[in-house]
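A.B. asks: Got a file for you: entry.cif, mmCIF, C-alpha atoms.
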data_protein
#
loop_
_atom_site.label_atom_id
_atom_site.label_comp_id
_atom_site.auth_asym_id
_atom_site.auth_seq_id
_atom_site.Cartn_x
_atom_site.Cartn_y
_atom_site.Cartn_z
CA MET A 1 0.00 0.00 0.00
CA GLN A 2 2.81 2.41 0.88
CA ARG A 3 4.56 1.71 -2.43
CA ARG A 4 1.37 2.36 -4.37
CA THR A 5 0.92 5.64 -2.54
CA LEU A 6 4.50 6.60 -3.43
CA LEU A 7 3.92 5.75 -7.07
CA ALA A 8 0.73 7.77 -7.25
CA THR A 9 2.41 10.77 -5.61
CA ALA A 10 5.48 10.64 -7.81
CA CYS A 11 3.50 10.23 -11.00
CA GLY A 12 1.10 12.96 -10.04
CA SER A 13 3.95 15.38 -9.37
CA ALA A 14 5.64 14.52 -12.65
CA ALA A 15 2.39 14.90 -14.55
CA VAL A 16 1.78 18.35 -13.12
CA ALA A 17 5.35 19.39 -13.94
CA LEU A 18 4.83 18.28 -17.53
CA GLY A 19 1.52 20.06 -17.91
CA LEU A 20 -0.24 16.73 -18.32
CA ALA A 21 -2.57 17.01 -15.35
CA PRO A 22 -5.24 18.04 -15.03
CA ILE A 23 -6.19 17.69 -18.67
CA SER A 24 -8.79 20.43 -18.42
CA ALA A 25 -6.17 23.00 -17.36
CA ALA A 26 -5.61 25.96 -19.66
CA HIS A 27 -2.60 25.70 -21.94
CA ALA A 28 -0.72 28.19 -24.09
CA GLU A 29 -0.54 27.95 -27.87
CA ILE A 30 2.88 27.67 -29.48
CA THR A 31 4.61 31.04 -29.19
CA ASP A 32 7.86 30.67 -31.18
CA LEU A 33 10.13 28.12 -32.84
CA ASN A 34 11.88 27.14 -29.60
CA ASP A 35 8.48 26.41 -28.09
CA ALA A 36 7.57 24.44 -31.22
CA ILE A 37 10.75 22.35 -30.95
CA ASN A 38 9.93 21.72 -27.29
CA LYS A 39 6.39 20.54 -28.05
CA ALA A 40 7.45 18.57 -31.10
CA GLY A 41 10.03 16.80 -28.96
CA ARG A 42 7.38 16.15 -26.33
CA GLN A 43 5.49 14.12 -28.94
CA ARG A 44 8.48 11.77 -29.14
CA MET A 45 8.35 11.35 -25.37
CA LEU A 46 4.60 10.80 -25.32
CA SER A 47 4.88 8.10 -28.00
CA GLN A 48 7.04 6.15 -25.54
CA ARG A 49 5.21 7.14 -22.37
CA VAL A 50 1.88 5.77 -23.57
CA GLY A 51 3.61 2.48 -24.35
CA LYS A 52 5.17 2.39 -20.91
CA ALA A 53 1.80 2.99 -19.25
CA TRP A 54 0.09 0.38 -21.42
CA LEU A 55 2.74 -2.19 -20.54
CA ALA A 56 2.37 -1.35 -16.85
CA LEU A 57 -1.31 -2.19 -17.24
CA ALA A 58 -0.27 -5.44 -18.92
CA HIS A 59 1.72 -6.23 -15.78
CA GLN A 60 -1.37 -5.33 -13.70
CA ALA A 61 0.87 -3.06 -11.63
CA ASP A 62 -0.56 0.03 -9.92
CA MET A 63 -3.35 0.12 -12.46
CA PRO A 64 -5.09 3.40 -11.47
CA THR A 65 -1.85 5.38 -11.84
CA ALA A 66 -0.84 3.71 -15.10
CA ARG A 67 -4.32 4.31 -16.51
CA GLN A 68 -4.14 7.98 -15.51
CA VAL A 69 -0.75 8.40 -17.18
CA LEU A 70 -2.00 6.63 -20.32
CA ASP A 71 -5.19 8.69 -20.63
CA GLN A 72 -3.48 12.01 -19.92
CA SER A 73 -0.65 11.29 -22.34
CA ILE A 74 -3.07 10.39 -25.13
CA ALA A 75 -4.96 13.64 -24.59
CA GLN A 76 -1.75 15.69 -24.49
CA PHE A 77 -0.44 14.06 -27.67
CA GLU A 78 -3.60 14.90 -29.57
CA ARG A 79 -3.70 18.49 -28.31
CA ASN A 80 -0.06 19.04 -29.26
CA LEU A 81 -0.63 17.45 -32.67
CA GLY A 82 -3.19 20.08 -33.62
CA GLU A 83 -1.00 22.92 -32.40
CA LEU A 84 2.11 21.71 -34.21
CA ARG A 85 0.28 21.19 -37.49
CA GLY A 86 -1.35 24.61 -37.23
CA PHE A 87 1.91 26.41 -36.40
CA ALA A 88 3.91 24.66 -39.16
CA PRO A 89 5.88 27.29 -41.11
CA SER A 90 6.24 25.13 -44.23
CA THR A 91 4.31 22.64 -46.33
CA ALA A 92 6.89 19.93 -45.57
CA ILE A 93 6.35 20.27 -41.81
CA ARG A 94 2.57 20.25 -42.19
CA GLU A 95 2.81 17.08 -44.29
CA THR A 96 4.88 15.41 -41.57
CA TYR A 97 2.15 16.09 -39.04
CA VAL A 98 -0.56 14.82 -41.38
CA LYS A 99 1.41 11.56 -41.61
CA LEU A 100 1.97 11.55 -37.86
CA GLU A 101 -1.75 11.90 -37.25
CA ALA A 102 -2.47 8.89 -39.47
CA ALA A 103 0.15 6.79 -37.67
CA TRP A 104 -1.20 7.93 -34.31
CA VAL A 105 -4.78 6.97 -35.20
CA ALA A 106 -3.61 3.44 -36.02
CA HIS A 107 -1.51 3.28 -32.84
CA LYS A 108 -4.37 4.47 -30.68
CA VAL A 109 -6.41 1.40 -31.63
CA THR A 110 -3.81 -0.76 -29.89
CA LEU A 111 -3.54 1.60 -26.93
CA GLN A 112 -7.27 1.39 -26.28
CA ASN A 113 -7.33 -2.40 -26.47
CA PRO A 114 -7.49 -3.78 -22.92
CA ALA A 115 -6.33 -7.26 -24.01
CA ALA A 116 -2.67 -6.98 -23.02
CA SER A 117 -1.30 -10.22 -24.51
CA PRO A 118 2.30 -10.73 -25.67
CA ASP A 119 1.09 -10.50 -29.29
CA ALA A 120 -0.64 -7.22 -28.53
CA ALA A 121 2.52 -5.94 -26.84
CA SER A 122 4.56 -6.77 -29.95
CA ALA A 123 2.03 -4.88 -32.09
CA LEU A 124 2.28 -1.94 -29.70
CA LEU A 125 6.07 -1.77 -30.06
CA GLN A 126 5.84 -1.86 -33.85
CA ALA A 127 3.18 0.85 -33.97
CA ASP A 128 4.91 3.22 -31.57
CA ALA A 129 8.14 2.95 -33.61
CA LYS A 130 6.30 4.53 -36.57
CA VAL A 131 4.86 7.28 -34.39
CA LEU A 132 8.25 7.97 -32.82
CA ALA A 133 10.00 8.20 -36.20
CA LEU A 134 7.53 10.77 -37.52
CA ALA A 135 7.54 12.74 -34.27
CA HIS A 136 11.34 12.87 -34.46
CA GLN A 137 11.17 13.97 -38.09
CA GLY A 138 8.87 16.83 -37.14
CA THR A 139 11.18 17.89 -34.32
CA THR A 140 14.24 18.00 -36.56
CA GLN A 141 12.28 19.95 -39.17
CA TYR A 142 11.31 22.55 -36.60
CA GLU A 143 14.93 22.69 -35.42
CA ALA A 144 16.08 23.31 -39.01
CA ALA A 145 13.47 26.06 -39.38
CA SER A 146 14.92 27.72 -36.30
CA GLY A 147 18.47 27.69 -37.64
CA LYS A 148 19.88 28.58 -34.21
CA ALA A 149 22.27 26.67 -31.99
CA VAL A 150 19.84 26.88 -29.09
CA GLY A 151 17.23 25.11 -31.23
CA GLN A 152 19.52 22.09 -31.40
CA LEU A 153 19.93 22.16 -27.62
CA VAL A 154 16.17 22.26 -27.11
CA ASN A 155 15.92 19.24 -29.40
CA ILE A 156 18.65 17.35 -27.53
CA ALA A 157 17.22 18.16 -24.10
CA GLY A 158 13.75 17.18 -25.27
CA ARG A 159 15.06 13.88 -26.58
CA GLN A 160 16.29 13.05 -23.08
CA ARG A 161 12.63 12.97 -21.99
CA MET A 162 11.91 10.44 -24.71
CA LEU A 163 14.89 8.28 -23.76
CA SER A 164 13.73 8.12 -20.14
CA GLN A 165 10.40 6.71 -21.26
CA ARG A 166 11.89 4.49 -23.94
CA MET A 167 14.17 2.73 -21.46
CA ALA A 168 11.26 2.18 -19.06
CA LYS A 169 9.03 0.94 -21.86
CA PHE A 170 11.55 -1.64 -23.04
CA TYR A 171 12.22 -2.72 -19.45
CA LEU A 172 8.52 -3.47 -18.95
CA ALA A 173 8.39 -5.25 -22.31
CA ALA A 174 11.37 -7.44 -21.41
CA MET A 175 9.79 -8.37 -18.09
CA LEU A 176 6.57 -9.65 -19.73
CA PRO A 177 8.65 -11.07 -21.54
CA VAL A 178 8.33 -9.70 -25.09
CA ASP A 179 11.51 -9.98 -27.20
CA ALA A 180 13.72 -9.54 -24.15
CA ALA A 181 16.98 -9.64 -26.13
CA THR A 182 15.97 -6.72 -28.35
CA ALA A 183 14.61 -4.81 -25.37
CA THR A 184 17.85 -5.24 -23.44
CA ALA A 185 19.88 -4.01 -26.42
CA GLU A 186 17.62 -0.99 -26.83
CA ILE A 187 17.97 -0.09 -23.16
CA ALA A 188 21.77 -0.27 -23.41
CA LYS A 189 21.76 1.92 -26.52
CA ALA A 190 19.43 4.49 -24.96
CA ARG A 191 21.47 4.53 -21.74
CA GLY A 192 24.64 5.44 -23.64
CA GLU A 193 22.86 8.14 -25.61
CA PHE A 194 21.31 9.61 -22.48
CA VAL A 195 24.62 9.87 -20.61
CA ALA A 196 26.43 11.43 -23.59
CA ALA A 197 23.67 13.97 -24.20
CA THR A 198 23.60 14.98 -20.53
CA GLU A 199 27.27 15.92 -20.71
CA LEU A 200 26.69 17.84 -23.94
CA LEU A 201 23.88 19.83 -22.34
CA ARG A 202 25.93 20.51 -19.22
CA ASN A 203 28.94 21.76 -21.18
CA ALA A 204 27.09 23.78 -23.82
CA PRO A 205 28.15 27.46 -23.92
CA GLN A 206 24.47 28.42 -23.68
CA ALA A 207 23.97 26.51 -20.41
CA THR A 208 23.10 28.91 -17.59
CA ASN A 209 23.75 28.31 -13.91
CA ARG A 210 20.06 27.44 -13.52
CA ILE A 211 20.28 24.86 -16.30
CA ARG A 212 23.35 23.28 -14.72
CA GLN A 213 21.57 23.17 -11.36
CA GLU A 214 18.60 21.39 -12.93
CA LEU A 215 20.94 18.96 -14.67
CA GLN A 216 22.54 18.20 -11.32
CA LEU A 217 19.10 17.39 -9.91
CA ALA A 218 18.48 15.21 -12.96
CA ASP A 219 21.74 13.39 -12.21
CA GLY A 220 20.29 12.32 -8.88
CA GLN A 221 17.12 11.04 -10.55
CA TRP A 222 19.22 9.21 -13.14
CA VAL A 223 21.10 7.32 -10.41
CA PHE A 224 17.82 5.92 -9.02
CA PHE A 225 16.44 5.14 -12.48
CA ASP A 226 19.60 3.44 -13.70
CA ALA A 227 19.75 1.35 -10.54
CA ALA A 228 16.15 0.25 -11.10
CA LEU A 229 16.94 -0.69 -14.70
CA GLN A 230 19.84 -2.87 -13.53
CA ARG A 231 17.45 -5.08 -11.53
CA MET A 232 16.15 -6.90 -14.58
CA GLN A 233 17.79 -10.24 -13.93
CA GLY A 234 17.20 -12.58 -11.01
CA GLY A 235 15.24 -12.20 -7.84
CA THR A 236 11.51 -12.10 -7.29
CA ASN A 237 8.85 -9.46 -6.66
CA LEU A 238 8.18 -8.47 -10.26
CA GLY A 239 5.55 -5.97 -9.16
CA ARG A 240 8.09 -4.04 -7.12
CA LYS A 241 10.56 -3.93 -10.03
CA VAL A 242 7.87 -2.63 -12.39
CA SER A 243 6.80 -0.04 -9.83
CA ASP A 244 10.37 1.14 -9.18
CA VAL A 245 11.10 1.64 -12.88
CA PHE A 246 7.76 3.37 -13.45
CA VAL A 247 8.30 5.83 -10.58
CA ALA A 248 11.94 6.54 -11.38
CA SER A 249 11.21 7.15 -15.06
CA GLU A 250 8.46 9.63 -14.16
CA ASN A 251 10.79 11.54 -11.84
CA LEU A 252 13.60 11.66 -14.41
CA LEU A 253 11.11 12.78 -17.03
CA SER A 254 10.00 15.66 -14.82
CA SER A 255 13.61 16.78 -14.31
CA MET A 256 14.47 16.68 -18.00
CA ASP A 257 11.28 18.50 -18.92
CA ARG A 258 12.39 21.41 -16.72
CA VAL A 259 15.80 21.42 -18.42
CA THR A 260 14.14 21.44 -21.85
CA GLY A 261 11.89 24.34 -20.84
CA LEU A 262 14.88 26.35 -19.64
CA TYR A 263 16.70 25.83 -22.92
CA ALA A 264 13.53 26.71 -24.84
CA ALA A 265 13.31 30.00 -22.94
CA LEU A 266 16.72 31.11 -24.24
CA SER A 267 16.64 33.58 -27.12
CA ALA A 268 19.88 32.67 -28.89
#
Could I get this structure in the form of C-alpha cells?
C.D. replies:
Amino acid sequence: MQRRTLLATACGSAAVALGLAPISAAHAEITDLNDAINKAGRQRMLSQRVGKAWLALAHQADMPTARQVLDQSIAQFERNLGELRGFAPSTAIRETYVKLEAAWVAHKVTLQNPAASPDAASALLQADAKVLALAHQGTTQYEAASGKAVGQLVNIAGRQRMLSQRMAKFYLAAMLPVDAATATAEIAKARGEFVAATELLRNAPQATNRIRQELQLADGQWVFFDAALQRMQGGTNLGRKVSDVFVASENLLSSMDRVTGLYAALSA
C-alpha cells in the first residue's frame, strides 16, 4: 500500500510538472520556434510514455496510476498534434504532421485495447516505432526552421525525456517477456545516448547556472532510475521492479522537462 501511494504521488507530481494534469487545465498555444521544438520533442516522449503505461497495465501493476498516465498522455499528444500542425511554417512540416496523425490513429487502436497479450505488446512496439519516427522527423524539421544553436539544444534536451520513457518501456516489455533480447539491447543503446547527451547539455556554452543546477538534480534522478533498470535479472517481486522503474522514469522525465523548458526560454 505504501509503495502504491508513493507511485501515485510521484507520478502525479511529474504529470503536473509536464503540464499533463489536469487535462482540463488551460494551456498556451505555441509562441515561437523554440516552443515548437519543445512541443514537437514532447510528442516523441509521449509516443514512448503511452507504451510504458500500457505495458504497466499489462503487468497489472498500480493500475489506477498507469491508466491515468495513459489517458493524460493520449490527450496531451492529440492536443499538441493540432498545435504543431497549425503552427507549421512550411508545407513539408505540415505534411509530416498529417502523416503523424495517421500513424497515431492506427496506434491508438492498440492503446485502447485492454487485451494486453504478448502478441498485442509486440504490435504496440511496432506501432509506436512509426509514431516515434515521424515525431522525431517533425522535431528535426522545426529545429532546421529555427536555424539557431539553441534550437539544437532544445531538441537534444527534449530527446532526453523520450529516452527516459523508452528505457522504461523496453524494461517493462522485457519483463513480460516480449523480445527480451531486443529490449535489453535498446535499453543499453538508450542509456549510452542519455549519458552522452547529458554531458553535452551541461557543457554547452548556452547553459546557464540554472540549467546546470537542474541537470545536477536530474543526475540524482538518473542514479535511481539506472539502478532500477539494472534489476532486470534474477530475484523475485516483479511488481516491485515494475513499480520502481515506473516511478523513477516519471521523476527523471519531470527533471528533464524542466531542463528542456529552460533551454527553450533562451533567445539565442
A.B. asks: Rounded to one decimal place, report the atom CA of A:Leu201-atom CA of A:Asp257 distance in Å.
C.D. replies: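 That distance, rounded to one decimal, is 13.1 Å.
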A.B. asks: For A:Lys99, please output as a ChimeraX atom specification all residues within 12 Å (counting all atoms listed in the file; exclusion window: fewer than 4 positions along the same chain).
C.D. replies: /A:81,85,92-95,103-106,130-135,137-138
A.B. asks: With C-alpha atoms retained, could you export that selection as an mmCIF file, keeping the file's coordinate frame?
C.D. replies:
data_model
loop_
_atom_site.group_PDB
_atom_site.id
_atom_site.type_symbol
_atom_site.label_atom_id
_atom_site.label_comp_id
_atom_site.auth_asym_id
_atom_site.auth_seq_id
_atom_site.Cartn_x
_atom_site.Cartn_y
_atom_site.Cartn_z
ATOM 1 C CA LEU A 81 -0.630 17.450 -32.670
ATOM 2 C CA ARG A 85 0.280 21.190 -37.490
ATOM 3 C CA ALA A 92 6.890 19.930 -45.570
ATOM 4 C CA ILE A 93 6.350 20.270 -41.810
ATOM 5 C CA ARG A 94 2.570 20.250 -42.190
ATOM 6 C CA GLU A 95 2.810 17.080 -44.290
ATOM 7 C CA ALA A 103 0.150 6.790 -37.670
ATOM 8 C CA TRP A 104 -1.200 7.930 -34.310
ATOM 9 C CA VAL A 105 -4.780 6.970 -35.200
ATOM 10 C CA ALA A 106 -3.610 3.440 -36.020
ATOM 11 C CA LYS A 130 6.300 4.530 -36.570
ATOM 12 C CA VAL A 131 4.860 7.280 -34.390
ATOM 13 C CA LEU A 132 8.250 7.970 -32.820
ATOM 14 C CA ALA A 133 10.000 8.200 -36.200
ATOM 15 C CA LEU A 134 7.530 10.770 -37.520
ATOM 16 C CA ALA A 135 7.540 12.740 -34.270
ATOM 17 C CA GLN A 137 11.170 13.970 -38.090
ATOM 18 C CA GLY A 138 8.870 16.830 -37.140
#
A.B. asks: Go ahead and compute the interatomic distance for atom CA of A:Ser146 and atom CA of A:Gly86, in Å to one decimal.
C.D. replies: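 Atom CA of A:Gly86 lies 16.6 Å from atom CA of A:Ser146.
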A.B. asks: Counting only C-alpha atoms, which residues come within 6 Å of (18.3, 25.9, -24.1), with the point read in the file's coordinates, and could you list them as a PyMOL selection string?
C.D. replies: chain A and resi 150+153-154+262-264+266
A.B. asks: Using only C-alpha atoms, please write the residues we just selected to a file, as a compact mmCIF listing (two decimals), in the coordinates of the input.
C.D. replies:
# COMPACT_ATOMS: atom_id res chain seq x y z
CA VAL A 150 19.84 26.88 -29.09
CA LEU A 153 19.93 22.16 -27.62
CA VAL A 154 16.17 22.26 -27.11
CA LEU A 262 14.88 26.35 -19.64
CA TYR A 263 16.70 25.83 -22.92
CA ALA A 264 13.53 26.71 -24.84
CA LEU A 266 16.72 31.11 -24.24
A.B. asks: So how many Å separate atom CA of A:Leu217 and atom CA of A:Leu252, to one decimal?
C.D. replies: 9.1 Å
